[in-house]
Structures are given as C-alpha cells and as structure tokens.
$ cat my_file.txt   # compact mmCIF, C-alpha atoms
# COMPACT_ATOMS: atom_id res chain seq x y z
CA MET A 1 8.37 0.99 42.18
CA SER A 2 9.08 -2.71 41.59
CA ASP A 3 9.18 -4.23 38.12
CA GLU A 4 6.03 -6.19 38.94
CA LEU A 5 4.09 -3.06 39.88
CA LYS A 6 5.33 -1.29 36.75
CA THR A 7 4.12 -4.19 34.63
CA ILE A 8 0.69 -4.10 36.29
CA GLU A 9 0.46 -0.33 35.83
CA GLU A 10 1.44 -0.54 32.18
CA SER A 11 -1.09 -3.32 31.57
CA ALA A 12 -3.81 -1.23 33.21
CA LYS A 13 -2.98 1.76 31.02
CA ALA A 14 -3.01 -0.41 27.91
CA ALA A 15 -6.40 -1.82 28.89
CA GLN A 16 -7.75 1.71 29.35
CA GLU A 17 -6.54 2.72 25.88
CA ILE A 18 -8.11 -0.38 24.32
CA ALA A 19 -11.39 0.41 26.11
CA LYS A 20 -11.32 3.98 24.81
CA THR A 21 -10.67 2.82 21.26
CA THR A 22 -13.34 0.14 21.46
CA GLY A 23 -15.79 2.62 22.93
CA SER A 24 -15.12 5.08 20.11
CA ALA A 25 -15.62 2.38 17.48
CA ILE A 26 -18.88 1.23 19.06
CA GLY A 27 -20.03 4.84 19.28
CA ALA A 28 -19.24 5.42 15.61
CA ILE A 29 -21.20 2.31 14.56
CA GLU A 30 -24.16 3.35 16.71
CA ASN A 31 -24.14 6.86 15.22
CA PHE A 32 -24.10 5.46 11.70
CA GLY A 33 -26.77 2.98 12.72
CA GLN A 34 -28.95 5.86 13.91
CA PHE A 35 -28.35 7.61 10.60
CA ILE A 36 -29.43 4.51 8.64
CA ALA A 37 -32.38 3.87 10.95
CA ARG A 38 -33.79 7.30 10.07
CA PHE A 39 -33.82 6.41 6.39
CA ILE A 40 -35.19 2.88 6.67
CA ASN A 41 -37.77 3.93 9.28
CA GLY A 42 -36.64 1.17 11.57
CA PRO A 43 -35.20 0.76 15.08
CA LEU A 44 -31.62 1.64 16.01
CA GLU A 45 -30.73 -2.04 16.42
CA GLN A 46 -31.72 -2.73 12.83
CA GLY A 47 -29.59 0.15 11.55
CA VAL A 48 -26.56 -0.95 13.57
CA GLY A 49 -27.04 -4.52 12.37
CA ILE A 50 -27.00 -3.40 8.76
CA VAL A 51 -23.71 -1.55 9.27
CA GLU A 52 -22.04 -4.43 11.10
CA ASP A 53 -23.24 -7.05 8.61
CA LYS A 54 -22.07 -4.98 5.64
CA LEU A 55 -18.65 -4.34 7.16
CA LYS A 56 -18.22 -8.02 8.00
CA TYR A 57 -19.29 -9.06 4.51
CA MET A 58 -16.99 -6.56 2.81
CA ARG A 59 -14.02 -7.69 4.93
CA TRP A 60 -14.85 -11.36 4.29
CA GLU A 61 -15.22 -10.74 0.56
CA ARG A 62 -11.81 -9.08 0.33
CA GLN A 63 -10.22 -11.83 2.44
CA VAL A 64 -11.60 -14.49 0.10
CA ARG A 65 -10.28 -12.65 -2.95
CA LEU A 66 -6.85 -12.26 -1.33
CA MET A 67 -6.68 -15.99 -0.63
CA GLN A 68 -7.74 -16.85 -4.17
CA ARG A 69 -5.20 -14.50 -5.77
CA ALA A 70 -2.38 -15.77 -3.56
CA GLU A 71 -3.24 -19.37 -4.48
CA GLU A 72 -3.35 -18.45 -8.18
CA LEU A 73 0.03 -16.73 -8.00
CA MET A 74 1.62 -19.66 -6.17
CA HIS A 75 0.24 -22.01 -8.81
CA GLU A 76 1.62 -19.72 -11.52
CA ILE A 77 5.17 -20.14 -10.21
CA GLY A 78 4.78 -23.83 -9.42
CA LEU A 79 4.34 -23.62 -5.64
CA GLU A 80 1.80 -25.90 -4.01
CA ALA A 81 2.31 -24.26 -0.63
CA PRO A 82 4.53 -21.59 0.99
CA SER A 83 8.14 -22.79 1.10
CA ARG A 84 9.21 -20.49 3.94
CA PRO A 85 7.31 -18.89 6.82
CA VAL A 86 6.56 -15.19 6.83
CA PRO A 87 7.58 -13.71 10.22
CA MET A 88 4.60 -12.67 12.33
CA LYS A 89 5.82 -9.06 12.59
CA PHE A 90 5.38 -8.85 8.80
CA ALA A 91 2.50 -11.28 8.30
CA VAL A 92 0.04 -9.57 10.66
CA PRO A 93 0.24 -6.00 9.24
CA LEU A 94 0.46 -7.32 5.67
CA LEU A 95 -2.63 -9.53 5.94
CA GLN A 96 -4.57 -6.89 7.81
CA ALA A 97 -3.89 -4.20 5.21
CA ALA A 98 -4.38 -6.58 2.29
CA SER A 99 -7.78 -7.73 3.53
CA LEU A 100 -8.95 -4.10 3.82
CA GLU A 101 -7.79 -3.11 0.32
CA GLU A 102 -10.81 -2.45 -1.90
CA ASN A 103 -8.92 -1.86 -5.16
CA ASP A 104 -8.29 -5.11 -7.04
CA SER A 105 -5.05 -4.03 -8.71
CA LEU A 106 -3.60 -2.92 -5.38
CA GLN A 107 -4.78 -6.09 -3.65
CA ASP A 108 -3.03 -8.08 -6.39
CA ARG A 109 0.19 -6.34 -5.35
CA TRP A 110 -0.47 -7.31 -1.73
CA ALA A 111 -1.00 -10.92 -2.80
CA THR A 112 2.21 -10.81 -4.85
CA LEU A 113 4.18 -9.37 -1.94
CA LEU A 114 2.84 -12.14 0.29
CA VAL A 115 3.72 -14.91 -2.19
CA ASN A 116 7.22 -13.53 -2.78
CA ALA A 117 7.78 -13.38 0.97
CA ALA A 118 6.65 -17.00 1.32
CA ASN A 119 8.75 -18.27 -1.59
CA ALA A 120 12.15 -19.60 -0.47
CA SER A 121 13.44 -19.33 -4.06
CA SER A 122 12.54 -15.67 -4.26
CA GLU A 123 15.27 -13.08 -3.85
CA VAL A 124 12.80 -10.73 -2.17
CA GLU A 125 13.61 -9.91 1.44
CA LEU A 126 10.42 -8.56 2.99
CA LYS A 127 10.84 -5.19 4.70
CA ARG A 128 8.31 -3.40 6.90
CA VAL A 129 8.75 -0.28 4.77
CA TYR A 130 7.29 -2.13 1.73
CA ILE A 131 4.08 -2.65 3.69
CA ASP A 132 4.08 1.01 4.75
CA ILE A 133 4.51 2.21 1.15
CA LEU A 134 1.84 -0.09 -0.28
CA GLU A 135 -0.62 1.11 2.38
CA ARG A 136 -0.02 4.74 1.38
CA ILE A 137 -0.16 4.70 -2.41
CA SER A 138 -3.09 4.78 -4.81
CA ALA A 139 -3.64 2.58 -7.84
CA VAL A 140 -2.44 5.43 -10.09
CA GLU A 141 0.72 5.84 -8.03
CA ALA A 142 1.39 2.12 -8.23
CA ARG A 143 1.04 2.29 -12.02
CA ILE A 144 3.46 5.23 -12.14
CA LEU A 145 6.08 3.23 -10.25
CA GLU A 146 5.54 0.19 -12.45
CA THR A 147 5.95 2.30 -15.59
CA VAL A 148 9.01 4.21 -14.38
CA TYR A 149 10.79 1.09 -13.18
CA SER A 150 10.08 -0.76 -16.42
CA ILE A 151 13.15 1.22 -17.56
CA PRO A 152 16.32 -0.58 -16.45
CA TYR A 153 17.50 1.00 -13.21
CA GLU A 154 21.07 1.28 -14.49
CA GLN A 155 19.87 3.54 -17.31
CA MET A 156 18.08 5.85 -14.88
CA GLN A 157 20.81 6.21 -12.28
CA HIS A 158 22.46 9.14 -14.01
CA ALA A 159 19.48 10.45 -15.98
CA ALA A 160 16.06 11.88 -15.17
CA VAL A 161 12.78 10.38 -16.38
CA LEU A 162 10.13 12.43 -18.23
CA THR A 163 6.74 12.52 -16.48
CA LYS A 164 4.45 14.17 -19.02
CA ASP A 165 3.10 10.82 -20.36
CA LEU A 166 2.75 9.05 -17.02
CA PRO A 167 1.31 6.67 -16.02
CA GLU A 168 1.15 5.16 -19.51
CA GLN A 169 4.73 5.83 -20.63
CA ALA A 170 8.07 7.00 -19.25
CA PHE A 171 11.20 8.00 -21.11
CA ILE A 172 14.67 9.04 -20.09
CA VAL A 173 15.15 12.76 -20.67
CA PRO A 174 17.10 13.32 -23.90
CA ASP A 175 20.03 15.76 -23.72
CA ASP A 176 18.94 19.40 -24.15
CA SER A 177 15.33 18.32 -24.67
CA THR A 178 12.58 20.94 -24.51
CA LEU A 179 10.29 18.12 -23.35
CA ALA A 180 12.10 18.21 -20.04
CA HIS A 181 10.09 21.31 -19.11
CA GLU A 182 6.61 19.90 -19.79
CA GLU A 183 4.74 18.94 -16.60
CA PRO A 184 2.02 16.28 -16.38
CA SER A 185 -1.61 16.74 -15.32
CA ASN A 186 -2.51 17.96 -11.83
CA GLU A 187 -3.54 14.42 -10.84
CA ILE A 188 -0.11 13.07 -11.75
CA VAL A 189 1.64 16.01 -10.09
CA LEU A 190 -0.10 15.19 -6.81
CA ALA A 191 0.74 11.50 -7.25
CA LEU A 192 4.41 12.35 -7.83
CA ALA A 193 4.42 14.61 -4.79
CA ASN A 194 3.23 11.71 -2.62
CA LEU A 195 5.73 9.29 -4.14
CA ASP A 196 8.48 11.83 -3.48
CA ARG A 197 7.28 12.14 0.13
CA LEU A 198 7.48 8.36 0.53
CA GLY A 199 10.98 8.21 -0.94
CA CYS A 200 9.82 6.29 -4.02
CA LEU A 201 10.83 8.94 -6.55
CA SER A 202 12.82 12.13 -6.31
CA VAL A 203 11.43 15.27 -7.96
CA SER A 204 13.70 18.06 -9.15
CA HIS A 205 13.89 21.49 -7.53
CA SER A 206 14.39 24.96 -8.95
CA LEU A 207 17.21 27.23 -7.79
CA GLY A 208 14.68 28.84 -5.47
CA GLY A 209 13.77 25.49 -3.93
CA GLY A 210 10.44 24.98 -5.68
CA GLU A 211 9.38 21.53 -6.84
CA LEU A 212 9.62 20.72 -10.54
CA PHE A 213 7.48 17.80 -11.69
CA SER A 214 8.53 17.61 -15.35
CA SER A 215 11.02 14.88 -14.52
CA VAL A 216 11.90 12.54 -11.67
CA ASN A 217 14.82 10.41 -10.54
CA PRO A 218 14.61 6.84 -9.25
CA THR A 219 15.48 5.70 -5.74
CA LEU A 220 16.96 2.40 -4.61
CA LEU A 221 14.18 1.99 -2.05
CA SER A 222 11.50 2.15 -4.72
CA LYS A 223 13.40 -0.18 -7.05
CA LYS A 224 13.43 -2.82 -4.31
CA PHE A 225 9.78 -2.12 -3.47
CA VAL A 226 8.67 -2.60 -7.08
CA GLU A 227 10.66 -5.84 -7.26
CA ALA A 228 9.03 -7.05 -4.06
CA CYS A 229 5.57 -6.41 -5.55
CA THR A 230 6.44 -8.13 -8.85
CA LEU A 231 6.00 -11.91 -8.96
CA GLN A 232 9.36 -13.66 -8.67
CA ARG A 233 9.48 -16.83 -10.72
CA LYS A 234 12.73 -18.32 -9.41

$ encode --input "my_file.txt" --output "structure tokens"
Amino acid sequence: MSDELKTIEESAKAAQEIAKTTGSAIGAIENFGQFIARFINGPLEQGVGIVEDKLKYMRWERQVRLMQRAEELMHEIGLEAPSRPVPMKFAVPLLQAASLEENDSLQDRWATLLVNAANASSEVELKRVYIDILERISAVEARILETVYSIPYEQMQHAAVLTKDLPEQAFIVPDDSTLAHEEPSNEIVLALANLDRLGCLSVSHSLGGGELFSSVNPTLLSKKFVEACTLQRK
C-alpha cells in the first residue's frame, strides 16, 4: 500500500472515530433532554435546548473567570501582557482543562500555571505532567501539597512529614515520636493515596507491604509542580 493510500485510510478511520464520539455526545444530550422534558412537561427540543444552553453558559462563565484571574495575576507581578508564548501543545490542554474547572481555588492554580508559563522572567518550565496532575487532584489534595511544601524541601529530603493535621498543618516527624503512628481522617487518607499514585507524595509501607499514611515523604516532581502553580514574581 502506498503512503498516499495509507494516509487516506488513516484519515477515514479518524473521521469514523470522530463521528462515533460526536454521535455518542449528541445521544447523551438528547437522553438528558428527554429526561428534562418529562419534568417540565415540554417537547424534547425544549429539554435539549435547556441542556445545551446551560452547558454553554457554564463553560462561558468559567472561561470569563479564567481570563479575569489571569489578567489580575499578570497585573500583580507587573506584566501588561504575556512576555513569552506558551507552546500550543501545552496551551490547548491547559486552557481546555482550566475552562472546565468548576472549583475556584483550583481554577486559580490553572490561571497561575498559565501566567507563569507566559512570563519570560519566571523560572517555571511548563511540563505536560503538571497539567496531568492538576487535572487529577481535588481542592483538598491541592491544599495538602501546598501545606506540605510550605516546609523547605531541603528539610524534608531526609525526614518524613506528619499527616495527622493535614491539610491545615504539616510537621517534620520528630525523632522517636509517638505522633509518627497517628493517621489522619479517612478523607485525607484517600487524598494521600491519590497523591502517592500521581507521584506527588510517597507514603510509607509496613514490612508486609501495607500502606502507612501517618507520614509521607516529598518528591522532586511535586516540588516542581507546586512551584509551577505558585505565582512567580521575578
């Protein structure tokens, strides 16, 4: 098969996949529209219209807030406009995820990441993994990281961090401390498990291999991620 035919075949397959995805999305909207129509005692078209209008408004509302926060942050560090372009391979997934984020504190982190990436004086080098992490953490998990990494990284490199008071406070484990065996609430345990999965923190393990959530260790990846989501003023 010639390269030209291969290209045509691949394009056709891609078009089929897009059609399937689009068809599924349209079907989902119609189903939800039918659901709404039953409750408002109106036609299907009216139910579908309500869904589409609401989704468009919500997306627009979050986009507007993102733009406003980014402008505010640039003004805060004395930038009138971006001083370096953000590569498209980073800009597209970042803006897409940021405009879908419904939590204000997390969207602020998206706006900060965007401004740092667009600031030539910033020491932040945008990585795709930062976008992946920010997409996969909750507001509580973001607070945990912020609290843990408020401790100088050099102090944590050879010492564990107590988790029982997270997300409000974090302390380095004192030598021979009985506090080192106190675990946090179930909510925080689940948050730590996800952060461990993402490589943001490292939980301890028992001799039998079980996870111990009473203390955690930092990772270089997460240190850089937290820095990237913290406004750089240089």

$ atom_distance --input "my_file.txt" --atom1 "CA of Leu134 (chain A)" --atom2 "CA of Gln169 (chain A)"
21.4 Å

$ atom_distance --input "my_file.txt" --atom1 "CA of Asn119 (chain A)" --atom2 "CA of Pro82 (chain A)"
6.0 Å

$ closest_residue --input "my_file.txt" --among "A:Ile188, A:Leu100, A:Val86, A:Leu195" --to "Leu113 (chain A)" --atoms "only C-alpha atoms"
A:Val86

$ atom_distance --input "my_file.txt" --atom1 "CA of Val148 (chain A)" --atom2 "CA of Glu123 (chain A)"
21.2 Å

$ residues_around --input "my_file.txt" --residues "Ala170 (chain A)" --least-positions-apart "3" --cutoff "8 Å" --atoms "only C-alpha atoms" --output "PyMOL selection string"
chain A and resi 147-148+151+161-163+165-167

$ closest_residue --input "my_file.txt" --among "A:Ser150, A:Asn217, A:Leu198, A:Ser206" --to "Val173 (chain A)" --atoms "all atoms listed in the file"
A:Asn217

$ residues_around --input "my_file.txt" --residues "Val129 (chain A)" --least-positions-apart "4" --cutoff "12 Å" --atoms "only C-alpha atoms" --output "ChimeraX atom specification"
/A:90,93-94,125,133-136,198-200,221-222,224-225,228

$ closest_residue --input "my_file.txt" --among "A:Ser83, A:Ser105, A:Ser138, A:Ser202" --to "Ala117 (chain A)" --atoms "all atoms listed in the file"
A:Ser83

$ residues_around --input "my_file.txt" --residues "Val216 (chain A)" --least-positions-apart "2" --cutoff "12 Å" --atoms "all atoms listed in the file" --output "number ranges by chain"
A: 144-145, 148-149, 156-164, 166, 170-173, 180-181, 183-184, 189, 192-193, 195-196, 199-205, 211-214, 218-219
